[in-house]
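The next block is model_31.txt, given as compact mmCIF, C-alpha atoms.
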```txt
# COMPACT_ATOMS: atom_id res chain seq x y z
CA MET A 307 -30.01 19.39 52.57
CA ILE A 308 -28.14 19.99 49.34
CA GLU A 309 -24.89 18.03 49.04
CA ILE A 310 -22.04 20.16 47.69
CA LYS A 311 -19.65 18.01 45.72
CA PRO A 312 -15.96 19.01 45.72
CA TYR A 313 -14.73 20.59 42.49
CA ILE A 314 -12.58 18.24 40.42
CA GLU A 315 -9.69 19.81 38.49
CA HIS A 316 -8.94 18.77 34.91
CA ALA A 317 -5.45 18.82 33.46
CA VAL A 318 -3.37 18.45 30.33
CA LEU A 319 0.01 16.73 30.55
CA VAL A 320 3.13 17.84 28.69
CA GLY A 321 6.31 15.86 28.00
CA LEU A 322 9.31 15.86 25.68
CA ILE A 323 10.75 13.24 23.34
CA THR A 324 14.52 13.71 23.23
CA PRO A 325 17.56 11.74 22.02
CA ASN A 326 18.01 10.54 25.62
CA GLN A 327 14.31 9.87 26.14
CA PRO A 328 12.68 8.00 23.23
CA GLU A 329 8.96 8.07 22.51
CA ASP A 330 8.09 4.86 24.35
CA ARG A 331 9.92 6.10 27.46
CA THR A 332 8.10 9.43 27.30
CA LYS A 333 4.78 7.61 27.02
CA GLU A 334 5.58 5.60 30.14
CA TYR A 335 6.61 8.74 32.04
CA LEU A 336 3.34 10.42 31.05
CA ASP A 337 1.44 7.31 32.14
CA GLU A 338 3.10 7.67 35.52
CA LEU A 339 2.39 11.41 35.55
CA ALA A 340 -1.29 10.64 34.86
CA PHE A 341 -1.27 8.19 37.79
CA LEU A 342 0.26 10.90 39.98
CA ALA A 343 -2.45 13.35 38.89
CA ASP A 344 -5.17 10.79 39.61
CA THR A 345 -3.65 10.13 43.04
CA HIS A 346 -3.96 13.87 43.73
CA GLY A 347 -7.57 13.95 42.55
CA ILE A 348 -6.85 15.65 39.20
CA VAL A 349 -8.35 14.23 36.00
CA PRO A 350 -5.89 14.20 33.05
CA VAL A 351 -7.80 14.74 29.80
CA LYS A 352 -5.12 15.37 27.15
CA ARG A 353 -1.41 14.77 26.52
CA PHE A 354 0.99 16.87 24.49
CA THR A 355 4.46 15.75 23.42
CA GLN A 356 7.14 17.39 21.29
CA ARG A 357 10.45 16.21 19.83
CA LEU A 358 13.32 18.44 20.90
CA ASP A 359 17.03 17.90 21.40
CA LEU A 360 16.81 19.77 24.71
CA PRO A 361 14.02 21.49 26.66
CA ASN A 362 13.47 25.10 25.60
CA THR A 363 15.17 27.19 28.28
CA ALA A 364 12.41 29.81 28.13
CA THR A 365 9.21 27.79 27.76
CA TYR A 366 10.22 24.07 28.02
CA VAL A 367 8.38 23.33 24.72
CA GLY A 368 8.59 25.44 21.56
CA GLU A 369 6.38 28.48 20.97
CA GLY A 370 4.27 26.61 18.40
CA LYS A 371 3.55 23.74 20.79
CA LEU A 372 2.76 26.20 23.57
CA GLU A 373 0.25 27.94 21.31
CA GLU A 374 -1.27 24.54 20.46
CA ILE A 375 -1.72 23.88 24.19
CA ASN A 376 -3.16 27.36 24.62
CA GLN A 377 -5.68 26.80 21.82
CA TYR A 378 -6.77 23.47 23.28
CA ILE A 379 -7.38 25.10 26.66
CA LEU A 380 -9.49 27.82 25.03
CA GLU A 381 -11.60 25.28 23.15
CA HIS A 382 -11.99 22.67 25.89
CA HIS A 383 -13.07 24.48 29.03
CA PRO A 384 -12.59 23.78 31.85
CA ILE A 385 -8.88 22.97 31.90
CA ASP A 386 -7.55 23.97 35.31
CA VAL A 387 -3.97 22.69 35.36
CA VAL A 388 -1.11 22.19 32.91
CA ILE A 389 1.35 19.63 34.30
CA PHE A 390 4.86 19.32 32.87
CA ASP A 391 6.76 16.06 33.29
CA ASP A 392 10.07 17.70 34.19
CA GLU A 393 10.99 20.28 36.79
CA LEU A 394 10.48 23.81 35.49
CA SER A 395 12.66 26.79 36.32
CA PRO A 396 11.08 29.97 37.74
CA ARG A 397 11.68 31.63 34.36
CA GLN A 398 9.94 28.83 32.46
CA ILE A 399 6.92 28.94 34.78
CA ARG A 400 6.67 32.71 34.40
CA ASN A 401 6.87 32.58 30.60
CA ILE A 402 4.43 29.67 30.28
CA GLU A 403 1.87 31.35 32.53
CA LYS A 404 2.21 34.53 30.47
CA ALA A 405 1.57 32.59 27.25
CA LEU A 406 -1.49 30.88 28.75
CA ASN A 407 -2.85 34.07 30.31
CA HIS A 408 -6.24 34.97 28.82
CA LYS A 409 -7.70 38.47 29.07
CA GLY A 410 -5.21 39.49 31.71
CA LYS A 411 -6.18 36.71 34.12
CA PRO A 412 -4.45 33.33 34.51
CA ASP A 413 -6.99 30.65 33.73
CA VAL A 414 -4.79 27.67 34.55
CA ARG A 415 -2.20 26.63 37.07
CA VAL A 416 1.18 25.69 35.68
CA ILE A 417 2.95 23.02 37.74
CA ASP A 418 5.58 20.35 37.16
CA ARG A 419 6.13 16.79 38.31
CA THR A 420 8.05 18.02 41.36
CA ILE A 421 5.30 20.27 42.72
CA LEU A 422 2.69 17.59 41.95
CA ILE A 423 4.60 15.05 44.07
CA LEU A 424 5.04 17.65 46.82
CA GLU A 425 1.30 18.38 46.80
CA ILE A 426 0.53 14.65 47.03
CA PHE A 427 2.87 14.38 50.00
CA LEU A 428 1.19 17.40 51.62
CA GLN A 429 -2.18 15.77 51.04
CA ARG A 430 -1.18 12.37 52.43
CA ALA A 431 1.08 13.30 55.35
CA GLN A 432 -0.56 12.08 58.56
CA THR A 433 1.87 12.47 61.44
CA SER A 434 3.39 15.75 62.61
CA TYR A 435 6.79 14.39 61.57
CA ALA A 436 5.74 13.69 57.99
CA LYS A 437 3.93 17.04 57.80
CA THR A 438 7.05 18.86 58.98
CA GLN A 439 9.22 17.04 56.44
CA VAL A 440 6.89 17.80 53.55
CA GLU A 441 6.26 21.41 54.52
CA MET A 442 9.99 22.16 54.54
CA ALA A 443 10.50 20.49 51.16
CA HIS A 444 7.54 22.40 49.73
CA LEU A 445 8.78 25.78 51.03
CA GLN A 446 12.30 25.13 49.75
CA TYR A 447 10.92 24.43 46.31
CA MET A 448 8.55 27.42 46.26
CA LEU A 449 11.02 30.01 47.60
CA PRO A 450 12.69 30.88 44.26
CA ARG A 451 9.31 30.75 42.49
CA LEU A 452 7.48 33.32 44.60
CA THR A 453 7.39 36.05 41.94
CA ARG A 454 4.50 34.41 40.13
CA MET A 455 2.44 34.43 43.33
CA TRP A 456 2.51 38.23 43.58
CA SER A 457 1.57 39.34 40.06
CA HIS A 458 -1.53 41.03 41.50
CA LEU A 459 0.76 43.55 43.21
CA ASP A 460 2.42 44.73 40.01
CA ARG A 461 -0.06 47.60 39.65
CA GLN A 462 1.05 48.93 43.05
CA ARG A 463 4.55 49.78 41.86
CA GLY A 464 5.73 53.16 43.17
CA GLY A 465 6.86 56.08 41.04
CA GLY A 466 9.39 58.81 41.68
CA GLY A 467 12.03 57.26 39.44
CA THR A 468 12.50 54.19 41.61
CA ASN A 469 12.50 50.65 40.22
CA ARG A 470 11.50 49.15 43.57
CA GLY A 471 7.74 49.02 44.06
CA MET A 472 5.29 47.62 46.60
CA GLY A 473 5.04 44.32 44.77
CA GLU A 474 8.77 43.70 44.99
CA THR A 475 8.78 44.75 48.66
CA GLN A 476 6.07 42.21 49.40
CA ILE A 477 8.03 39.49 47.62
CA GLU A 478 11.14 40.22 49.67
CA ALA A 479 9.12 40.28 52.88
CA ASP A 480 7.50 36.97 52.01
CA LYS A 481 10.88 35.44 51.21
CA ARG A 482 12.15 36.48 54.63
CA VAL A 483 9.14 34.93 56.35
CA ILE A 484 9.53 31.69 54.42
CA GLY A 485 13.28 31.65 55.07
CA GLN A 486 12.60 31.97 58.79
CA ARG A 487 9.99 29.22 58.62
CA ILE A 488 12.42 26.89 56.81
CA ALA A 489 15.06 27.55 59.47
CA LEU A 490 12.53 26.73 62.21
CA LEU A 491 11.42 23.53 60.45
CA ARG A 492 15.04 22.50 59.94
CA GLU A 493 15.68 22.81 63.67
CA GLN A 494 12.50 20.84 64.42
CA LEU A 495 13.62 18.08 62.06
CA LYS A 496 17.04 17.94 63.73
CA THR A 497 15.31 17.40 67.07
CA ILE A 498 13.01 14.74 65.59
CA ASP A 499 15.97 13.04 63.87
CA LYS A 500 17.73 12.75 67.24
CA GLN A 501 14.59 11.37 68.85
CA MET A 502 14.16 8.78 66.11
CA ALA A 503 17.84 7.83 66.30
CA THR A 504 17.39 7.30 70.05
CA GLN A 505 14.29 5.18 69.38
CA ARG A 506 16.29 3.03 66.97
CA GLN A 507 19.01 2.57 69.61
CA HIS A 508 16.40 1.53 72.18
CA ARG A 509 15.27 -1.26 69.88
CA GLY A 510 18.40 -3.03 71.00
CA LYS A 511 20.35 -5.25 68.66
CA MET A 512 17.37 -6.99 67.10
CA VAL A 513 17.84 -7.73 63.41
CA ARG A 514 16.29 -4.98 61.29
CA VAL A 515 14.64 -5.75 57.97
CA ALA A 516 13.43 -2.95 55.66
CA LEU A 517 10.95 -3.24 52.81
CA VAL A 518 12.05 -1.06 49.90
CA GLY A 519 10.82 -0.63 46.35
CA TYR A 520 9.24 1.60 43.77
CA THR A 521 5.99 3.22 44.81
CA ASN A 522 2.84 1.08 44.46
CA VAL A 523 4.60 -2.29 44.15
CA GLY A 524 2.80 -3.89 47.11
CA LYS A 525 5.16 -3.24 50.06
CA SER A 526 2.37 -2.39 52.50
CA THR A 527 0.34 -5.44 51.44
CA LEU A 528 3.38 -7.62 52.05
CA MET A 529 3.98 -5.84 55.37
CA ASN A 530 0.46 -6.77 56.46
CA LEU A 531 0.99 -10.40 55.49
CA LEU A 532 4.33 -10.80 57.26
CA SER A 533 3.46 -8.85 60.41
CA LYS A 534 -0.24 -9.78 60.59
CA SER A 535 -0.99 -6.09 61.05
CA ASP A 536 -3.24 -3.63 59.26
CA VAL A 537 -0.97 -1.10 57.54
CA PHE A 538 -2.86 1.20 55.15
CA ALA A 539 -2.53 -0.03 51.56
CA GLU A 540 -4.29 1.04 48.36
CA ASN A 541 -3.69 1.20 44.62
CA LYS A 542 -2.35 4.74 44.74
CA LEU A 543 1.13 6.22 44.54
CA PHE A 544 2.71 7.08 47.89
CA ALA A 545 0.05 5.37 49.97
CA THR A 546 2.72 5.12 52.69
CA LEU A 547 4.66 8.20 53.84
CA ASP A 548 5.40 7.43 57.48
CA THR A 549 7.74 4.56 58.23
CA THR A 550 5.90 1.74 59.98
CA VAL A 551 7.94 -0.59 62.19
CA ARG A 552 6.55 -3.89 63.49
CA LYS A 553 8.05 -6.68 65.56
CA VAL A 554 7.66 -9.88 63.57
CA THR A 555 8.43 -13.47 64.55
CA ILE A 556 9.04 -16.29 62.07
CA GLU A 557 9.23 -19.65 63.83
CA ASN A 558 11.27 -18.82 66.96
CA LEU A 559 13.06 -15.83 65.46
CA PRO A 560 11.99 -12.23 66.27
CA PHE A 561 13.07 -9.24 64.16
CA LEU A 562 11.96 -5.70 63.31
CA LEU A 563 10.28 -5.10 59.95
CA SER A 564 9.88 -1.58 58.55
CA ASP A 565 7.83 -0.34 55.59
CA THR A 566 9.40 2.71 53.93
CA VAL A 567 8.20 5.39 51.53
CA GLY A 568 8.18 4.26 47.90
CA PHE A 569 10.78 5.54 45.47
CA ILE A 570 9.97 7.07 42.11
CA ARG A 571 11.78 8.48 39.08
CA LYS A 572 12.66 12.15 39.38
CA LEU A 573 11.97 12.14 43.12
CA PRO A 574 12.41 15.77 44.23
CA HIS A 575 15.79 16.37 45.86
CA HIS A 576 14.19 18.39 48.68
CA LEU A 577 12.01 15.42 49.57
CA VAL A 578 15.00 13.10 49.74
CA GLU A 579 16.74 15.53 52.09
CA SER A 580 13.62 16.07 54.21
CA PHE A 581 12.94 12.36 54.59
CA LYS A 582 16.43 11.64 55.90
CA SER A 583 15.21 9.83 59.02
CA THR A 584 12.82 7.73 56.97
CA LEU A 585 15.69 6.74 54.71
CA ASP A 586 17.82 5.97 57.77
CA GLU A 587 15.62 2.91 58.21
CA VAL A 588 17.14 1.71 54.94
CA ARG A 589 20.67 2.77 55.79
CA GLU A 590 20.65 1.03 59.18
CA ALA A 591 18.90 -2.15 58.04
CA ASP A 592 20.59 -5.54 58.33
CA LEU A 593 18.56 -6.96 55.44
CA LEU A 594 16.62 -5.32 52.60
CA ILE A 595 13.55 -6.83 50.99
CA HIS A 596 13.42 -5.18 47.56
CA VAL A 597 9.84 -5.58 46.29
CA VAL A 598 9.40 -5.35 42.50
CA ASP A 599 6.12 -5.25 40.55
CA ILE A 600 6.96 -7.81 37.86
CA SER A 601 3.64 -7.14 36.10
CA HIS A 602 4.71 -3.58 35.25
CA PRO A 603 5.85 -3.25 31.60
CA ASN A 604 9.07 -1.51 32.65
CA PHE A 605 9.73 -3.15 36.00
CA GLU A 606 13.43 -3.47 35.15
CA GLU A 607 13.86 0.29 35.00
CA GLN A 608 11.95 0.65 38.27
CA TYR A 609 14.29 -1.95 39.76
CA GLU A 610 17.31 0.10 38.65
CA VAL A 611 15.83 3.35 40.02
CA VAL A 612 15.48 1.74 43.45
CA GLU A 613 18.92 0.11 43.29
CA GLN A 614 20.52 3.45 42.40
CA THR A 615 18.66 5.20 45.23
CA ILE A 616 19.77 2.52 47.69
CA ARG A 617 23.37 2.93 46.56
CA GLU A 618 23.11 6.68 47.16
CA ILE A 619 21.55 6.17 50.59
CA VAL A 620 24.18 3.72 51.84
CA ASN A 621 27.07 5.41 49.97
CA VAL A 622 27.82 2.46 47.71
CA GLN A 623 30.44 3.28 45.08
CA SER A 624 29.36 0.67 42.57
CA ASP A 625 31.71 1.89 39.83
CA LYS A 626 34.72 1.11 42.04
CA GLY A 627 33.28 -2.04 43.47
CA GLN A 628 33.59 -0.61 46.99
CA SER A 629 31.08 0.46 49.56
CA THR A 630 30.89 1.81 53.08
CA LYS A 631 28.15 -0.73 53.80
CA GLU A 632 26.88 -3.54 51.64
CA ILE A 633 23.43 -4.50 52.88
CA PRO A 634 22.28 -8.08 52.09
CA GLN A 635 19.18 -8.09 49.94
CA ILE A 636 16.36 -10.37 48.85
CA VAL A 637 14.57 -9.35 45.65
CA VAL A 638 10.86 -10.18 45.82
CA PHE A 639 9.13 -10.15 42.43
CA ASN A 640 5.53 -9.43 43.40
CA LYS A 641 2.20 -9.45 41.52
CA ILE A 642 2.86 -12.59 39.51
CA ASP A 643 -0.94 -12.95 39.42
CA ASN A 644 -1.05 -9.81 37.24
CA PHE A 645 1.73 -10.86 34.88
CA THR A 646 0.64 -10.99 31.24
CA TYR A 647 2.46 -11.66 27.99
CA THR A 648 1.62 -12.11 24.32
CA PRO A 649 2.68 -15.53 22.99
CA LYS A 650 4.81 -15.31 19.84
CA GLU A 651 3.69 -17.53 16.98
CA ASP A 652 6.06 -20.41 16.22
CA ASP A 653 6.39 -19.35 12.56
CA ASP A 654 6.95 -15.71 13.45
CA LEU A 655 10.49 -14.75 12.40
CA THR A 656 10.54 -11.49 14.36
CA PRO A 657 12.88 -11.45 17.36
CA MET A 658 11.48 -12.33 20.78
CA GLN A 659 10.44 -9.10 22.52
CA ARG A 660 10.13 -8.35 26.24
CA GLU A 661 6.32 -8.40 26.02
CA ASN A 662 6.46 -11.95 24.60
CA TYR A 663 8.33 -13.37 27.57
CA SER A 664 6.55 -15.72 29.91
CA LEU A 665 7.33 -15.69 33.62
CA GLU A 666 9.46 -18.80 33.10
CA ASP A 667 11.37 -17.01 30.31
CA LEU A 668 12.08 -14.06 32.59
CA GLN A 669 13.33 -16.32 35.36
CA LYS A 670 16.03 -17.56 32.98
CA THR A 671 17.36 -14.06 32.21
CA TRP A 672 19.43 -11.86 34.55
CA MET A 673 17.16 -12.97 37.40
CA ALA A 674 18.75 -16.43 37.26
CA ARG A 675 22.04 -14.86 38.38
CA LEU A 676 20.37 -13.75 41.61
CA GLY A 677 20.02 -17.40 42.59
CA GLU A 678 18.51 -17.75 46.05
CA ASP A 679 18.53 -13.96 46.41
CA CYS A 680 15.18 -13.68 44.61
CA ILE A 681 11.72 -15.17 44.88
CA PHE A 682 8.44 -14.79 42.96
CA ILE A 683 5.21 -14.19 44.89
CA SER A 684 1.72 -12.75 44.85
CA ALA A 685 1.11 -10.85 48.09
CA ARG A 686 -2.53 -10.28 47.17
CA ASN A 687 -3.21 -13.99 46.55
CA LYS A 688 -0.75 -15.12 49.27
CA GLU A 689 1.08 -17.22 46.69
CA ASN A 690 4.54 -18.51 47.66
CA ILE A 691 4.48 -16.54 50.93
CA ASP A 692 5.58 -19.56 52.99
CA ALA A 693 8.64 -19.91 50.77
CA LEU A 694 9.41 -16.22 51.30
CA ARG A 695 9.10 -16.65 55.07
CA ALA A 696 11.46 -19.63 54.94
CA LEU A 697 14.01 -17.66 52.90
CA MET A 698 13.77 -14.68 55.28
CA TYR A 699 14.15 -17.02 58.25
CA ASP A 700 17.41 -18.44 56.88
CA ARG A 701 18.86 -15.00 56.15
CA ILE A 702 17.80 -13.41 59.44
CA LYS A 703 18.98 -16.43 61.41
CA ALA A 704 22.46 -16.13 59.83
CA ILE A 705 22.63 -12.47 60.88
CA HIS A 706 21.27 -13.24 64.35
CA VAL A 707 23.71 -16.09 65.01
CA LYS A 708 26.64 -13.95 63.90
CA ARG A 709 25.52 -11.24 66.31
CA TYR A 710 24.75 -13.70 69.13
CA PRO A 711 27.03 -16.75 68.65
CA TYR A 712 25.74 -18.42 71.82
CA ASN A 713 22.25 -18.58 70.32
CA ASP A 714 23.47 -20.88 67.55
CA PHE A 715 23.27 -23.79 69.99
CA LEU A 716 19.70 -22.82 70.91
CA PHE A 717 18.71 -22.61 67.25
CA GLN A 718 20.11 -26.07 66.57
CA GLN A 719 18.23 -27.52 69.52
CA TYR A 720 15.00 -25.89 68.40
CA GLU A 721 15.33 -27.15 64.84
CA ASN A 722 16.26 -30.67 66.00
CA ASP A 723 13.15 -30.74 68.15
```
Output the file's structure in the form of structure tokens.
Amino acid sequence: MIEIKPYIEHAVLVGLITPNQPEDRTKEYLDELAFLADTHGIVPVKRFTQRLDLPNTATYVGEGKLEEINQYILEHHPIDVVIFDDELSPRQIRNIEKALNHKGKPDVRVIDRTILILEIFLQRAQTSYAKTQVEMAHLQYMLPRLTRMWSHLDRQRGGGGTNRGMGETQIEADKRVIGQRIALLREQLKTIDKQMATQRQHRGKMVRVALVGYTNVGKSTLMNLLSKSDVFAENKLFATLDTTVRKVTIENLPFLLSDTVGFIRKLPHHLVESFKSTLDEVREADLLIHVVDISHPNFEEQYEVVEQTIREIVNVQSDKGQSTKEIPQIVVFNKIDNFTYTPKEDDDLTPMQRENYSLEDLQKTWMARLGEDCIFISARNKENIDALRALMYDRIKAIHVKRYPYNDFLFQQYEND
């Protein structure tokens, strides 16, 4: 029997260097875009960047750069996909596809970071709830971009002096069908949201702890350690889509621990809206465990992305110093086993750079201000996990005793024993 191997798509990546996004930042974004492509099973083979003050409103990059991309595709077959690092407008997609159209037939798909993330979510959604969430987000994104899907109907345009042809009729019909499907999915999600809210109420008043963090920082690995369960974890972006909730007990203290979907820069707005119930696990948590991959070169930016997203979720108005709900938080700097730095020579007069910092140096920076609110671990090597458990125990106990004052006496007896 002949084994038929699945076809693997190859892609080129495109990003911009702007006054607000310097070259090193663009490189990091394209690194992340390449990781996203790899997660989706696409092999990135070439990167293109261009310096512009602003993205070209018609083609994102300039005409010369677009022709350079076009020439590369012609000379390096097969290139199946061109992935742009920012969200493209319907007009930009249409113009780019036209420029890359060879002999009247599109040879490549033109997608952006948003559609790539949506396709990964579609690929990885397991439960009916996650599939419903992702399908609605995907349809909402594709609705204004349908014209490019019906180019094969252009030749069917009617005559008789009318400007409305069969192709346009099909587009309108398809938009109506998708609009109806979105409305149906929205109603389904409302029902599911109510069911999940009821489930959360039925959990009683147990203390709720939520793991949050950038995607691929080790939340699921930590979840497995703390809960002694077997949550799926791998070195891929968005390995976890569905919220996993486990009852965990540290010493004599039970609580609920949830693992949430990872955050990422430029997370599509439709996904944030669709995953409302998933994010409710964050909003309704009593304690957040913010997991940070300290081995990542730009972990501080990832930290800020998550912090900003958390503020948006819980309606924190940080600029005014007020909030509707301040959720206590422990920052867990994970992957210390992967941390690397380049020692600076003693006679080197150049300023100390971020890449020259040791772990001890970093702990003396802004992290020192976190005090007992942060801890450094390796979930993979189980390093410092007991200290993390002890810290979590103290925080959860304080919340529990405040909620159940009578239990304070029981806690004291237990600890004295």
Pick out the closest residue to Thr345 (chain A) from this set: A:Ile423, A:Leu585, A:Val518, A:Ala405. Count all atoms listed in the file.
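Between A:Ile423, A:Leu585, A:Val518, A:Ala405, the residue approaching Thr345 (chain A) most closely is A:Ile423.
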Restricting the calculation to all atoms listed in the file, which member of A:Asn522, A:Gln486, A:Asn401, A:Thr438 is positioned closest to Thr566 (chain A)?
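Among A:Asn522, A:Gln486, A:Asn401, A:Thr438, it is A:Asn522 that comes nearest to Thr566 (chain A).
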Two-atom distance - CA of Leu697 (chain A), CA of Tyr609 (chain A) (Å):
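Distance between the two atoms: 20.5 Å.
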Which distance in Å separates CA of Ile426 (chain A) and CA of Leu342 (chain A), to one decimal?
8.0 Å
Pick from A:Leu428, A:Ile399, A:Pro450, A:Glu590 nearest to Arg482 (chain A), counting only C-alpha atoms
A:Pro450
Could you give me, as a list of chain:residue names, the residues within 6 Å of Arg514 (chain A), counting all atoms listed in the file and dropping anything in the same chain fewer than 3 positions from it?
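Contacts, with the query itself left out: A:Leu562, A:Ala591, A:Asp592.
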Choose the residue, out of A:Val637, A:Ile379, A:Leu594, A:Leu563, that has the smallest atom-to-atom separation from Val414 (chain A); count only C-alpha atoms.
A:Ile379
Neighbour residues at most 12 Å from (-7.2, 23.5, 25.7) (all atoms listed in the file) as a count of residues only:
31
